[in-house]
Amino acid sequence: PSTPQHTPARPSTPSPPSPPRPSRPGQAASRSPGNAGLAPDATRLRHHSATPSPWLRPTPGEPWGAVPGWRETREWHEGPGEGTGENSGAAEEPGEVQGGMYRKEPSIPLRSSSAALYNNLSVLRPPGRPLACLGAVHGPGLSLVTVAADGLGFSHRQLQAKEGGTTLSTSLLTQAVWCVLPSRVLLVLTSQRGIQMYESDGSIMVYWHALDVTEHPPAQAVFARGIAAAAGDFICVGTSSGAVLVFDIPPKGTNITVSEVLEQHHDAITDIAAELGQAPDGAGDVVTADDAGMLCIWGAGEEFALLSKIPACGCSCSSVKLWNGIVAAGYGNGQIRLYEAVSGVLRAEVNAHARWIYALDLAPETGKLLSGAEDSFVHVWKLSRDLDTDDIEVEHCHAECVTDTQVCGARFCDPQGNSFAVTGYDLSEIFRYGQA
């Protein structure tokens with residue numbers, strides 16, 4: 001660069017070089033290795049709208065290609081109709097955020113910080129009310145926040161893990177989820193020792209199931225993780241051995257029994273999800289995911305039946321959702337993959353984040369998908385099906401940077417997806433966002 005003709009009052013800081021633009025429609029675009037597994041008619045996101053974390057900015061003079069994860073987040077995936085539609089055009093510059101759909105609201109303080117666990121935020125959304133309770137796990141305790149009827153006030157409570165009866169436990173909790181059944185709502189906690197079920201306010205423990213430590217090798221960690229209500233009267237809970245316990249829940253009382261054990265996984269269960277929408281015939285009612293990245297789709301009933309298996313793709317699947325026959329899975333490489341629940345065929349993959357995805361959530365009435373990851377970003381997507389071709393379509397709606405936060409929990413606060421909440425590792429508050 002040429003020498004300026006005058007001396008500035010203060011030395012200026014050189015700005016980083018502009019990153020190279022991705023290939024334009026009609027030019028050859030780079031392909032990720034994962035695209036090889038896509039179905040011939042699979043949807044490829046035409047414009048990857050996720051933005052790398054500000055932490056990934058290079059130092060002055062450092063090339064953009066040296067930033068980990070930058071190549072993946074700058075890819076273009078061409079498909080039919082490339083270059084048309086609102087998503088085509090130049091990709092966003094790093095640090096820019098697609099926004100305007102949601103705005104930040106006053107946060108909710110927690111009695112303790114949130115642990116770095118998958119899906120470490122639970123939200124109770126009863127019919128007729130936008131939000132009732134929130135909970136986040138830290139160590140052997142659960143921080144419970146109850147929202148007042150007017151939505152303005154909050155009450156706090158700390159629920160300590162127990163091991164049957166009233167004995168307090170020092171074992172670490174791994175997850176907490178409110179399971180909404182037709183006749184009752186239970187708060188289910190999983191830990192290193194077993195599974196606890198409480199009334200919805202956490203006041204009374206109605207069931208305790210101890211894990212059999214003798215079934216595991218001495219060097220293997222023992223815990224339960226992955227919770228979902230399914231088929232009306234069942235609650236499914238995963239374990240570190242890969243087994244999924246199916247509990248039969250009566251309309252009231254404590255006569256809860258293990259009706260079945262599903263044994264198709266060989267790695268620790270990471271997440272379980274039940275169908276949130278209207279499933280097509282043969283699409284299944286429950287999907288389970290494990291540490292190796294394998295997914296199993298089950299038909300629920302008096303006896304659960306394995307309908308299909310989706311093989312592992314080389315990295316762990318941390319979170320999974322099931323909606324209208326679409327399986328949405330978040331992975332450790334930052335990708336979101338969309339599968340057909342009927343056949344297990346991969347229909348779309350999105351390079352959504354630059355770091356490990358920790359949480360997915362889905363708004364059942366609109367098909368909005370929420371994703372949160374270690375890269376400090378939260379994204380809102382919209383899933384739909386083309387009425388003519390029945391293809392799965394993905395639209396990016398919103399991106400939010402939760403500055404200096406490793407996101408570990410993200411949940412919608414209403415069935416329409418008009419608001420959502422976020423927790424972060426070592427963060428003693430819950431961030432809230434509402435529709436602008």
# chains A, B, ... in the order shown; residues from 1 in each chain; ligands from 1
>>> residues_around(residues="A:Tyr207", least_positions_apart="3", cutoff="8 Å", atoms="only C-alpha atoms", output="MDAnalysis selection string")
chainID A and resid 164 196:198 254 256
>>> residues_around(residues="A:Gly277", least_positions_apart="4", cutoff="10 Å", atoms="only C-alpha atoms", output="PDB file with N, CA, C and O atoms, in the first residue's frame")
ATOM      1  N   ASP A 285     -42.677 -43.376  15.575  1.00  0.00           N
ATOM      2  CA  ASP A 285     -43.101 -42.457  16.627  1.00  0.00           C
ATOM      3  C   ASP A 285     -41.954 -41.957  17.489  1.00  0.00           C
ATOM      4  O   ASP A 285     -42.088 -40.939  18.160  1.00  0.00           O
ATOM      5  N   LEU A 322     -38.047 -35.109  15.853  1.00  0.00           N
ATOM      6  CA  LEU A 322     -38.884 -35.826  14.891  1.00  0.00           C
ATOM      7  C   LEU A 322     -40.159 -35.025  14.687  1.00  0.00           C
ATOM      8  O   LEU A 322     -40.878 -34.734  15.649  1.00  0.00           O
ATOM      9  N   TRP A 323     -40.420 -34.653  13.417  1.00  0.00           N
ATOM     10  CA  TRP A 323     -41.583 -33.815  13.120  1.00  0.00           C
ATOM     11  C   TRP A 323     -42.113 -34.134  11.732  1.00  0.00           C
ATOM     12  O   TRP A 323     -41.390 -34.048  10.754  1.00  0.00           O
ATOM     13  N   ASN A 324     -43.390 -34.537  11.668  1.00  0.00           N
ATOM     14  CA  ASN A 324     -44.057 -34.812  10.386  1.00  0.00           C
ATOM     15  C   ASN A 324     -43.255 -35.760   9.497  1.00  0.00           C
ATOM     16  O   ASN A 324     -43.161 -35.564   8.281  1.00  0.00           O
ATOM     17  N   GLY A 325     -42.675 -36.767  10.121  1.00  0.00           N
ATOM     18  CA  GLY A 325     -41.910 -37.744   9.356  1.00  0.00           C
ATOM     19  C   GLY A 325     -40.533 -37.290   8.960  1.00  0.00           C
ATOM     20  O   GLY A 325     -39.862 -37.958   8.165  1.00  0.00           O
ATOM     21  N   ILE A 326     -40.055 -36.162   9.512  1.00  0.00           N
ATOM     22  CA  ILE A 326     -38.710 -35.655   9.235  1.00  0.00           C
ATOM     23  C   ILE A 326     -37.863 -35.820  10.489  1.00  0.00           C
ATOM     24  O   ILE A 326     -38.250 -35.361  11.564  1.00  0.00           O
ATOM     25  N   LEU A 362     -37.751 -27.998  18.369  1.00  0.00           N
ATOM     26  CA  LEU A 362     -38.641 -27.835  17.239  1.00  0.00           C
ATOM     27  C   LEU A 362     -39.984 -27.313  17.722  1.00  0.00           C
ATOM     28  O   LEU A 362     -40.518 -27.787  18.732  1.00  0.00           O
ATOM     29  N   ALA A 363     -40.517 -26.319  17.019  1.00  0.00           N
ATOM     30  CA  ALA A 363     -41.849 -25.788  17.309  1.00  0.00           C
ATOM     31  C   ALA A 363     -42.872 -26.598  16.507  1.00  0.00           C
ATOM     32  O   ALA A 363     -42.897 -26.498  15.276  1.00  0.00           O
ATOM     33  N   PRO A 364     -43.714 -27.401  17.153  1.00  0.00           N
ATOM     34  CA  PRO A 364     -44.554 -28.351  16.414  1.00  0.00           C
ATOM     35  C   PRO A 364     -45.598 -27.708  15.516  1.00  0.00           C
ATOM     36  O   PRO A 364     -45.990 -28.300  14.514  1.00  0.00           O
ATOM     37  N   GLU A 365     -46.051 -26.498  15.825  1.00  0.00           N
ATOM     38  CA  GLU A 365     -47.127 -25.891  15.037  1.00  0.00           C
ATOM     39  C   GLU A 365     -46.630 -25.187  13.783  1.00  0.00           C
ATOM     40  O   GLU A 365     -47.425 -24.914  12.880  1.00  0.00           O
ATOM     41  N   THR A 366     -45.348 -24.875  13.719  1.00  0.00           N
ATOM     42  CA  THR A 366     -44.820 -24.138  12.570  1.00  0.00           C
ATOM     43  C   THR A 366     -43.672 -24.836  11.863  1.00  0.00           C
ATOM     44  O   THR A 366     -43.328 -24.470  10.742  1.00  0.00           O
ATOM     45  N   GLY A 367     -43.044 -25.816  12.495  1.00  0.00           N
ATOM     46  CA  GLY A 367     -41.895 -26.482  11.893  1.00  0.00           C
ATOM     47  C   GLY A 367     -40.600 -25.713  12.025  1.00  0.00           C
ATOM     48  O   GLY A 367     -39.611 -26.028  11.352  1.00  0.00           O
TER      49      GLY A 367
END
>>> closest_residue(among="A:Gly424, A:Pro280, A:Gly153, A:Gly238", to="A:Leu189", atoms="only C-alpha atoms")
A:Gly238
>>> closest_residue(among="A:Glu349, A:Cys408, A:Gly417, A:His265", to="A:Lys382", atoms="only C-alpha atoms")
A:Gly417
>>> closest_residue(among="A:Ser171, A:Ser241, A:Thr405, A:Gln416", to="A:Leu369", atoms="only C-alpha atoms")
A:Gln416
>>> residues_around(residues="stretch 330-339 of chain A", least_positions_apart="3", cutoff="7 Å", atoms="only C-alpha atoms", output="list in words")
Cys315, Ser316, Cys317, Ser318, Ser319, Val320, Ile326, Val327, Gly344, Val345, Leu346, Arg347, Ala348, Glu349, Val350, Asn351, Ala352, His353, Ala354, Arg355, Trp356, Ile357 and Leu360 of chain A
>>> write_last_selection(atoms="C-alpha atoms", output="short mmCIF file (atom, residue, chain, number, x, y, z; two decimals), in the first residue's frame")
data_model
loop_
_atom_site.label_atom_id
_atom_site.label_comp_id
_atom_site.auth_asym_id
_atom_site.auth_seq_id
_atom_site.Cartn_x
_atom_site.Cartn_y
_atom_site.Cartn_z
CA CYS A 315 -19.26 -38.22 14.47
CA SER A 316 -21.53 -38.15 17.50
CA CYS A 317 -25.18 -37.15 17.23
CA SER A 318 -25.84 -34.90 20.21
CA SER A 319 -29.47 -33.95 19.65
CA VAL A 320 -32.37 -35.20 17.57
CA ILE A 326 -38.71 -35.65 9.24
CA VAL A 327 -35.77 -36.59 11.47
CA GLY A 344 -33.98 -43.35 6.66
CA VAL A 345 -32.82 -41.63 3.44
CA LEU A 346 -30.73 -38.49 3.87
CA ARG A 347 -32.59 -35.58 2.23
CA ALA A 348 -30.58 -32.52 3.25
CA GLU A 349 -27.55 -31.50 5.23
CA VAL A 350 -26.72 -28.02 6.49
CA ASN A 351 -23.31 -26.80 7.66
CA ALA A 352 -25.09 -24.94 10.42
CA HIS A 353 -22.35 -24.25 12.98
CA ALA A 354 -18.58 -23.97 13.19
CA ARG A 355 -18.45 -26.00 16.41
CA TRP A 356 -20.15 -28.90 18.19
CA ILE A 357 -23.97 -28.69 18.24
CA LEU A 360 -31.95 -28.79 18.93
#
>>> atom_distance(atom1="atom CA of A:Asn119", atom2="atom CA of A:Val244")
17.9 Å
>>> residues_around(residues="stretch 228-230 of chain A", least_positions_apart="5", cutoff="7 Å", atoms="only C-alpha atoms", output="list in words")
Cys179, Val180, Leu181, Ile235, Cys236, Val237, Ile272, Ala273, Ala274 and Val286 of chain A
>>> residues_around(residues="A:Ala305", least_positions_apart="5", cutoff="10 Å", atoms="only C-alpha atoms", output="PyMOL selection string")
chain A and resi 262+284-285+297-300
